[in-house]
Amino acid sequence: MECAGKGSGTRCLGPARKRCGRCGAVSYCSASHQISHWKVHREECERLEQQMKNLDLLNDFPFTFSQESTVQISEKQETRCSFLRKRGIHQVGLWVCECRCGASVTSFGNSRLESDTWNLSNILCPCRGPSSPIAKALCSWKDYYEWRCIPFQSPVSLLLHWPLTVYHSVQLAGLGSLTSEISKLCIHYLGPEKELLQLAVFGELRALFPGVFVQIELIGPAVPHHRDGDKIDLHSYAHCIEQDCDCRYKNENTSCSICHTSSAVTLQLHRGYYHERFLDISEDSHPHLVIAPNAGIAAYASWLPTIELIKEINVPAVFSDYCEEACNLAACCINAVTNQPPRLPIQLNPFRQPMVVEDSPLHLPCYSNCFLFAM
């Protein structure tokens with residue numbers, strides 16, 4: 001963990017081992033750095049103190065591996081690499097960017113980005129359509145796993161947090177009932193990075209929104225130049241590892257067995273910032289919802305014109321980030337631009353990724369898509 005006072009003047013004197021005595025969320029290399037940083041830290045110290053009281057809630061997941069993927073990684077008894085390696089999914093297929101030594105989007109050069117294989121047996125992954133419709137809105141990983149008949153030792157939630165966060169955002173934005181009335185749902189998805197190597201997992205939206213054609217425009221600077229404008233039609237679910245599984249041929253049928261109507265997902269990639277590309281994209285695809293996962297709004301000035309645009313088009317927008325404090329800072333930035341508080345207050349995402357981020361800058365555990373709020 002880095003010294004919270006790094007860059008505030010004098011050079012750090014060693015490892016950051018001196019924690020703030022009040023919040024316990026940040027550490028310093030020395031008493032002098034702690035004193036010099038207080039004028040900055042005092043603005044956040046009380047908030048962080050409250051957030052530290054929610055550690056158990058942040059780490060609360062229903063999986064058999066929860067202790068291993070949360071506390072043990074935080075305490076460096078395990079790593080993301082070792083977790084994946086034990087399950088035979090380290091550096092393969094959809095899992096290739098889920099650890100520190102993994103690939104990045106830019107490392108793929110001019111090759112195709114996406115894999116469509118879970119590298120798991122069909123017992124452990126949702127490679128086929130659901131056996132029953134959703135009886136009521138899914139509110140937790142437990143709800144989802146039980147509905148999809150997936151055992152709780154399966155690690156698929158580590159990737160399915162992307163489409164499940166989309167699903168949950170639709171519910172939060174009050175569009176859940178709308179999906180039963182419309183044939184097409186259009187979402188503008190801002191700032192994709194890792195997702196670009198895991199696009200096949202968005203095929204699960206077929207099961208989550210049966211009978212609805214889901215169109216997602218993925219817009220961001222991480223989209224490679226050679227993929228700008230690419231369209232990916234997901235008429236199937238990501239495959240299991242078994243060659244004789246019927247997911248290899250049943251998925252080709254685009255009819256939803258539950259609702260007996262067409263159900264498919266189309267993704268289109270756009271390189272650039274949303275405020276630069278919106279006019280071109282919206283000609284054919286005006287959004288019902290804007291989603292910005294792990295947005296980092298307070299960290300990037302490029303968000304300001306995008307926030308102004310979202311306010312102007314008056315479309316619901318849901319943002320997520322790795323920790324509650326990042327969402328607090330983001331909400332302050334949005335309020336400064338819009339003069340309005342969040343439409344939905346900051347709240348824990350029940351479908352956050354259940355594996356802690358390694359080397360967090362805070363003693364608070366951070367998770368991908370951890371907290372949500374909306375404007």
# chains A, B, ... in the order shown; residues from 1 in each chain; ligands from 1
>>> select_by_dssp(residues="segment 204-273 of chain A", states="strand (DSSP E)", output="list in words")
Phe213, Val214, Gln215, Ile216, Glu217, Leu218, Ile219, Gly220, Lys231, Ile232, Asp233, Leu234, Ala264, Val265, Thr266, Leu267, Gln268, Leu269, His270 and Arg271 of chain A
>>> residues_around(residues="Val290 of chain A", least_positions_apart="6", cutoff="8 Å", atoms="only C-alpha atoms", output="number ranges by chain")
A: 187-190, 315-318
>>> write_last_selection(atoms="N, CA, C and O atoms", output="short mmCIF file (atom, residue, chain, number, x, y, z; two decimals), in the first residue's frame")
data_model
loop_
_atom_site.label_atom_id
_atom_site.label_comp_id
_atom_site.auth_asym_id
_atom_site.auth_seq_id
_atom_site.Cartn_x
_atom_site.Cartn_y
_atom_site.Cartn_z
N ILE A 187 -28.92 0.48 -24.74
CA ILE A 187 -28.07 0.93 -23.64
C ILE A 187 -26.77 1.48 -24.21
O ILE A 187 -26.14 0.87 -25.07
N HIS A 188 -26.36 2.65 -23.73
CA HIS A 188 -25.04 3.20 -24.05
C HIS A 188 -24.12 2.92 -22.87
O HIS A 188 -24.40 3.34 -21.75
N TYR A 189 -23.05 2.19 -23.14
CA TYR A 189 -22.17 1.62 -22.11
C TYR A 189 -20.81 2.31 -22.24
O TYR A 189 -20.11 2.14 -23.25
N LEU A 190 -20.44 3.10 -21.23
CA LEU A 190 -19.29 4.00 -21.36
C LEU A 190 -18.03 3.45 -20.69
O LEU A 190 -18.09 2.90 -19.59
N VAL A 315 -31.43 11.41 -19.95
CA VAL A 315 -31.60 9.96 -19.94
C VAL A 315 -31.04 9.43 -18.61
O VAL A 315 -30.02 9.92 -18.14
N PRO A 316 -31.70 8.45 -17.99
CA PRO A 316 -31.15 7.89 -16.75
C PRO A 316 -29.74 7.37 -16.97
O PRO A 316 -29.45 6.74 -17.99
N ALA A 317 -28.86 7.63 -16.01
CA ALA A 317 -27.47 7.19 -16.11
C ALA A 317 -27.06 6.59 -14.77
O ALA A 317 -27.25 7.19 -13.72
N VAL A 318 -26.50 5.38 -14.83
CA VAL A 318 -26.04 4.67 -13.63
C VAL A 318 -24.52 4.53 -13.71
O VAL A 318 -23.98 4.10 -14.73
#
>>> closest_residue(among="A:Ala207, A:Ile307, A:Leu372, A:Cys127", to="Gln340 of chain A", atoms="only C-alpha atoms")
A:Ile307
>>> residues_around(residues="Glu325 of chain A", least_positions_apart="5", cutoff="12 Å", atoms="only C-alpha atoms", output="CSV table (one decimal) with C-alpha atoms, in the first residue's frame")
chain,number,residue,atom,x,y,z
A,25,ALA,CA,-8.4,3.3,6.0
A,43,GLU,CA,-12.2,16.1,4.5
A,44,GLU,CA,-12.5,12.3,4.0
A,45,CYS,CA,-11.5,10.8,7.4
A,46,GLU,CA,-15.0,10.7,8.9
A,47,ARG,CA,-16.5,9.2,5.8
A,48,LEU,CA,-13.8,6.5,5.6
A,49,GLU,CA,-14.3,5.7,9.3
A,50,GLN,CA,-17.9,4.9,8.6
A,51,GLN,CA,-17.0,2.9,5.5
A,52,MET,CA,-14.5,0.8,7.5
A,296,GLY,CA,-13.6,7.0,-12.0
A,297,ILE,CA,-15.3,10.3,-12.6
A,298,ALA,CA,-13.2,12.3,-10.1
A,320,SER,CA,-20.4,2.3,-10.6
A,330,ALA,CA,-17.8,11.3,-8.3
A,331,ALA,CA,-21.2,12.5,-6.9
A,332,CYS,CA,-19.5,15.7,-5.8
A,346,ILE,CA,-24.8,5.7,-3.4
A,347,GLN,CA,-25.6,2.0,-2.6
A,348,LEU,CA,-23.8,-1.3,-2.5
A,361,PRO,CA,-4.8,2.3,-2.2
A,362,LEU,CA,-7.1,2.0,0.9
A,364,LEU,CA,-11.0,-0.8,2.6
A,365,PRO,CA,-11.6,-3.8,0.2
A,366,CYS,CA,-12.3,-2.7,-3.3
A,370,CYS,CA,-18.8,-2.4,-6.0
A,371,PHE,CA,-21.0,0.7,-5.5
A,372,LEU,CA,-23.7,2.3,-7.7
>>> closest_atom_pairs(of="segment 137-184 of chain A", to="segment 196-199 of chain A", cutoff="10 Å", atoms="only C-alpha atoms", output="JSON lines")
{"residue": "A:Leu159", "atom": "CA", "partner": "A:Gln198", "partner_atom": "CA", "distance": 7.7}
{"residue": "A:Leu160", "atom": "CA", "partner": "A:Gln198", "partner_atom": "CA", "distance": 9.5}
{"residue": "A:Trp162", "atom": "CA", "partner": "A:Gln198", "partner_atom": "CA", "distance": 9.1}
{"residue": "A:Pro163", "atom": "CA", "partner": "A:Leu199", "partner_atom": "CA", "distance": 9.7}
>>> select_by_dssp(residues="segment 101-276 of chain A", states="alpha helix (DSSP H)", output="PyMOL selection string")
chain A and resi 141-147+157-172+205-208+247-250+274-276
>>> closest_residue(among="A:Trp95, A:Phe373, A:Tyr144, A:Phe278", to="Leu120 of chain A", atoms="only C-alpha atoms")
A:Trp95
>>> residues_around(residues="Phe63 of chain A", least_positions_apart="5", cutoff="10 Å", atoms="only C-alpha atoms", output="PyMOL selection string")
chain A and resi 68-69+141-142+145+151-155+157+354
>>> write_last_selection(atoms="N, CA, C and O atoms", output="PDB file, in the first residue's frame")
ATOM      1  N   GLU A  68     -11.719 -17.119   0.487  1.00  0.00           N
ATOM      2  CA  GLU A  68     -10.497 -17.162  -0.316  1.00  0.00           C
ATOM      3  C   GLU A  68     -10.384 -15.961  -1.247  1.00  0.00           C
ATOM      4  O   GLU A  68      -9.309 -15.373  -1.399  1.00  0.00           O
ATOM      5  N   SER A  69     -11.497 -15.557  -1.848  1.00  0.00           N
ATOM      6  CA  SER A  69     -11.462 -14.487  -2.850  1.00  0.00           C
ATOM      7  C   SER A  69     -11.555 -13.096  -2.240  1.00  0.00           C
ATOM      8  O   SER A  69     -11.418 -12.103  -2.957  1.00  0.00           O
ATOM      9  N   TRP A 141     -26.649 -12.426  -5.700  1.00  0.00           N
ATOM     10  CA  TRP A 141     -26.000 -13.560  -6.363  1.00  0.00           C
ATOM     11  C   TRP A 141     -26.694 -14.861  -6.001  1.00  0.00           C
ATOM     12  O   TRP A 141     -26.781 -15.773  -6.837  1.00  0.00           O
ATOM     13  N   LYS A 142     -27.184 -14.986  -4.787  1.00  0.00           N
ATOM     14  CA  LYS A 142     -27.889 -16.199  -4.389  1.00  0.00           C
ATOM     15  C   LYS A 142     -29.122 -16.414  -5.264  1.00  0.00           C
ATOM     16  O   LYS A 142     -29.373 -17.525  -5.751  1.00  0.00           O
ATOM     17  N   TYR A 145     -27.833 -17.494  -8.880  1.00  0.00           N
ATOM     18  CA  TYR A 145     -27.277 -18.849  -8.950  1.00  0.00           C
ATOM     19  C   TYR A 145     -28.388 -19.900  -8.803  1.00  0.00           C
ATOM     20  O   TYR A 145     -28.383 -20.920  -9.502  1.00  0.00           O
ATOM     21  N   PRO A 151     -24.035 -24.324  -9.086  1.00  0.00           N
ATOM     22  CA  PRO A 151     -23.556 -24.574  -7.720  1.00  0.00           C
ATOM     23  C   PRO A 151     -22.712 -23.410  -7.209  1.00  0.00           C
ATOM     24  O   PRO A 151     -22.044 -22.721  -7.998  1.00  0.00           O
ATOM     25  N   PHE A 152     -22.720 -23.206  -5.917  1.00  0.00           N
ATOM     26  CA  PHE A 152     -22.065 -22.034  -5.344  1.00  0.00           C
ATOM     27  C   PHE A 152     -20.538 -22.129  -5.323  1.00  0.00           C
ATOM     28  O   PHE A 152     -19.881 -21.182  -4.911  1.00  0.00           O
ATOM     29  N   GLN A 153     -19.973 -23.247  -5.781  1.00  0.00           N
ATOM     30  CA  GLN A 153     -18.517 -23.288  -5.941  1.00  0.00           C
ATOM     31  C   GLN A 153     -18.075 -22.769  -7.313  1.00  0.00           C
ATOM     32  O   GLN A 153     -16.893 -22.599  -7.571  1.00  0.00           O
ATOM     33  N   SER A 154     -19.037 -22.480  -8.199  1.00  0.00           N
ATOM     34  CA  SER A 154     -18.698 -21.990  -9.532  1.00  0.00           C
ATOM     35  C   SER A 154     -18.190 -20.553  -9.473  1.00  0.00           C
ATOM     36  O   SER A 154     -18.819 -19.693  -8.841  1.00  0.00           O
ATOM     37  N   PRO A 155     -17.091 -20.243 -10.181  1.00  0.00           N
ATOM     38  CA  PRO A 155     -16.541 -18.881 -10.163  1.00  0.00           C
ATOM     39  C   PRO A 155     -17.113 -17.956 -11.231  1.00  0.00           C
ATOM     40  O   PRO A 155     -16.593 -16.869 -11.448  1.00  0.00           O
ATOM     41  N   SER A 157     -19.425 -15.933 -11.423  1.00  0.00           N
ATOM     42  CA  SER A 157     -19.799 -14.580 -10.982  1.00  0.00           C
ATOM     43  C   SER A 157     -18.652 -13.587 -11.161  1.00  0.00           C
ATOM     44  O   SER A 157     -18.887 -12.378 -11.256  1.00  0.00           O
ATOM     45  N   PRO A 354     -17.153 -10.724  -6.929  1.00  0.00           N
ATOM     46  CA  PRO A 354     -16.812 -11.257  -5.599  1.00  0.00           C
ATOM     47  C   PRO A 354     -15.342 -11.641  -5.440  1.00  0.00           C
ATOM     48  O   PRO A 354     -15.025 -12.650  -4.836  1.00  0.00           O
TER      49      PRO A 354
END
>>> residues_around(residues="Gln34 of chain A", least_positions_apart="2", cutoff="12 Å", atoms="only C-alpha atoms", output="NGL selection string")
:A and (3-6 or 8-10 or 12-13 or 16-21 or 26-32 or 36-42)
>>> write_last_selection(atoms="N, CA and C atoms", output="JSON list (two decimals), in the first residue's frame")
[["chain", "number", "residue", "atom", "x", "y", "z"],
["A", 3, "CYS", "N", 1.93, 5.18, 0.54],
["A", 3, "CYS", "CA", 1.72, 6.23, 1.53],
["A", 3, "CYS", "C", 0.69, 7.22, 1.01],
["A", 4, "ALA", "N", -0.34, 7.52, 1.82],
["A", 4, "ALA", "CA", -1.39, 8.44, 1.40],
["A", 4, "ALA", "C", -0.85, 9.84, 1.17],
["A", 5, "GLY", "N", 0.30, 10.13, 1.78],
["A", 5, "GLY", "CA", 0.89, 11.45, 1.61],
["A", 5, "GLY", "C", 1.95, 11.52, 0.52],
["A", 6, "LYS", "N", 2.07, 10.46, -0.28],
["A", 6, "LYS", "CA", 3.06, 10.43, -1.34],
["A", 6, "LYS", "C", 2.85, 11.59, -2.32],
["A", 8, "SER", "N", 3.34, 14.71, -1.63],
["A", 8, "SER", "CA", 2.92, 15.94, -0.96],
["A", 8, "SER", "C", 4.08, 16.85, -0.59],
["A", 9, "GLY", "N", 5.28, 16.47, -0.98],
["A", 9, "GLY", "CA", 6.44, 17.30, -0.66],
["A", 9, "GLY", "C", 7.71, 16.47, -0.58],
["A", 10, "THR", "N", 8.08, 16.06, 0.60],
["A", 10, "THR", "CA", 9.30, 15.30, 0.78],
["A", 10, "THR", "C", 9.12, 13.85, 0.33],
["A", 12, "CYS", "N", 9.09, 9.82, 0.36],
["A", 12, "CYS", "CA", 8.67, 8.83, 1.36],
["A", 12, "CYS", "C", 9.89, 8.17, 2.00],
["A", 13, "LEU", "N", 9.77, 7.86, 3.28],
["A", 13, "LEU", "CA", 10.90, 7.35, 4.05],
["A", 13, "LEU", "C", 10.92, 5.82, 4.15],
["A", 16, "ALA", "N", 4.56, 2.17, 3.84],
["A", 16, "ALA", "CA", 3.46, 2.86, 4.52],
["A", 16, "ALA", "C", 2.85, 1.92, 5.57],
["A", 17, "ARG", "N", 3.37, 2.00, 6.79],
["A", 17, "ARG", "CA", 2.93, 1.09, 7.86],
["A", 17, "ARG", "C", 2.20, 1.80, 9.00],
["A", 18, "LYS", "N", 2.14, 3.11, 8.95],
["A", 18, "LYS", "CA", 1.48, 3.87, 10.03],
["A", 18, "LYS", "C", 0.07, 4.24, 9.58],
["A", 19, "ARG", "N", -0.94, 3.57, 10.14],
["A", 19, "ARG", "CA", -2.31, 3.81, 9.74],
["A", 19, "ARG", "C", -2.91, 4.99, 10.50],
["A", 20, "CYS", "N", -3.84, 5.66, 9.86],
["A", 20, "CYS", "CA", -4.58, 6.74, 10.51],
["A", 20, "CYS", "C", -5.29, 6.15, 11.73],
["A", 21, "GLY", "N", -5.10, 6.77, 12.89],
["A", 21, "GLY", "CA", -5.66, 6.23, 14.12],
["A", 21, "GLY", "C", -7.17, 6.37, 14.22],
["A", 26, "VAL", "N", -6.30, 4.59, 5.68],
["A", 26, "VAL", "CA", -5.11, 4.99, 4.93],
["A", 26, "VAL", "C", -3.87, 4.81, 5.80],
["A", 27, "SER", "N", -2.72, 4.72, 5.13],
["A", 27, "SER", "CA", -1.45, 4.52, 5.84],
["A", 27, "SER", "C", -0.42, 5.54, 5.37],
["A", 28, "TYR", "N", 0.60, 5.72, 6.20],
["A", 28, "TYR", "CA", 1.65, 6.69, 5.92],
["A", 28, "TYR", "C", 3.02, 6.07, 6.18],
["A", 29, "CYS", "N", 4.01, 6.63, 5.52],
["A", 29, "CYS", "CA", 5.38, 6.15, 5.70],
["A", 29, "CYS", "C", 6.01, 6.74, 6.96],
["A", 30, "SER", "N", 5.45, 7.87, 7.42],
["A", 30, "SER", "CA", 6.04, 8.57, 8.57],
["A", 30, "SER", "C", 5.03, 9.50, 9.19],
["A", 31, "ALA", "N", 5.32, 9.92, 10.42],
["A", 31, "ALA", "CA", 4.44, 10.88, 11.11],
["A", 31, "ALA", "C", 4.43, 12.21, 10.38],
["A", 32, "SER", "N", 5.57, 12.61, 9.79],
["A", 32, "SER", "CA", 5.63, 13.90, 9.11],
["A", 32, "SER", "C", 4.70, 13.93, 7.89],
["A", 36, "SER", "N", 1.45, 16.37, 7.36],
["A", 36, "SER", "CA", 1.34, 17.24, 6.19],
["A", 36, "SER", "C", 0.12, 16.91, 5.33],
["A", 37, "HIS", "N", -0.33, 15.66, 5.39],
["A", 37, "HIS", "CA", -1.46, 15.24, 4.56],
["A", 37, "HIS", "C", -2.80, 15.48, 5.25],
["A", 38, "TRP", "N", -2.78, 15.86, 6.52],
["A", 38, "TRP", "CA", -4.03, 15.99, 7.27],
["A", 38, "TRP", "C", -4.98, 17.01, 6.65],
["A", 39, "LYS", "N", -4.46, 18.08, 6.10],
["A", 39, "LYS", "CA", -5.33, 19.11, 5.52],
["A", 39, "LYS", "C", -6.15, 18.55, 4.36],
["A", 40, "VAL", "N", -5.64, 17.49, 3.72],
["A", 40, "VAL", "CA", -6.39, 16.80, 2.66],
["A", 40, "VAL", "C", -7.27, 15.71, 3.26],
["A", 41, "HIS", "N", -6.68, 14.93, 4.14],
["A", 41, "HIS", "CA", -7.35, 13.74, 4.66],
["A", 41, "HIS", "C", -8.52, 14.07, 5.60],
["A", 42, "ARG", "N", -8.46, 15.21, 6.26],
["A", 42, "ARG", "CA", -9.53, 15.51, 7.22],
["A", 42, "ARG", "C", -10.88, 15.64, 6.54]]
>>> residues_around(residues="Cys245 of chain A", least_positions_apart="5", cutoff="12 Å", atoms="only C-alpha atoms", output="ChimeraX atom specification")
/A:120-123,125-128,239-240,250-251
>>> residues_around(residues="segment 212-217 of chain A", least_positions_apart="2", cutoff="9 Å", atoms="only C-alpha atoms", output="VMD selection string")
chain A and resid 179 to 180 182 to 190 205 to 206 209 to 210 219 261 to 270 281 285 287
>>> atom_distance(atom1="atom CA of Ile241 of chain A", atom2="atom CA of Gly93 of chain A")
10.3 Å
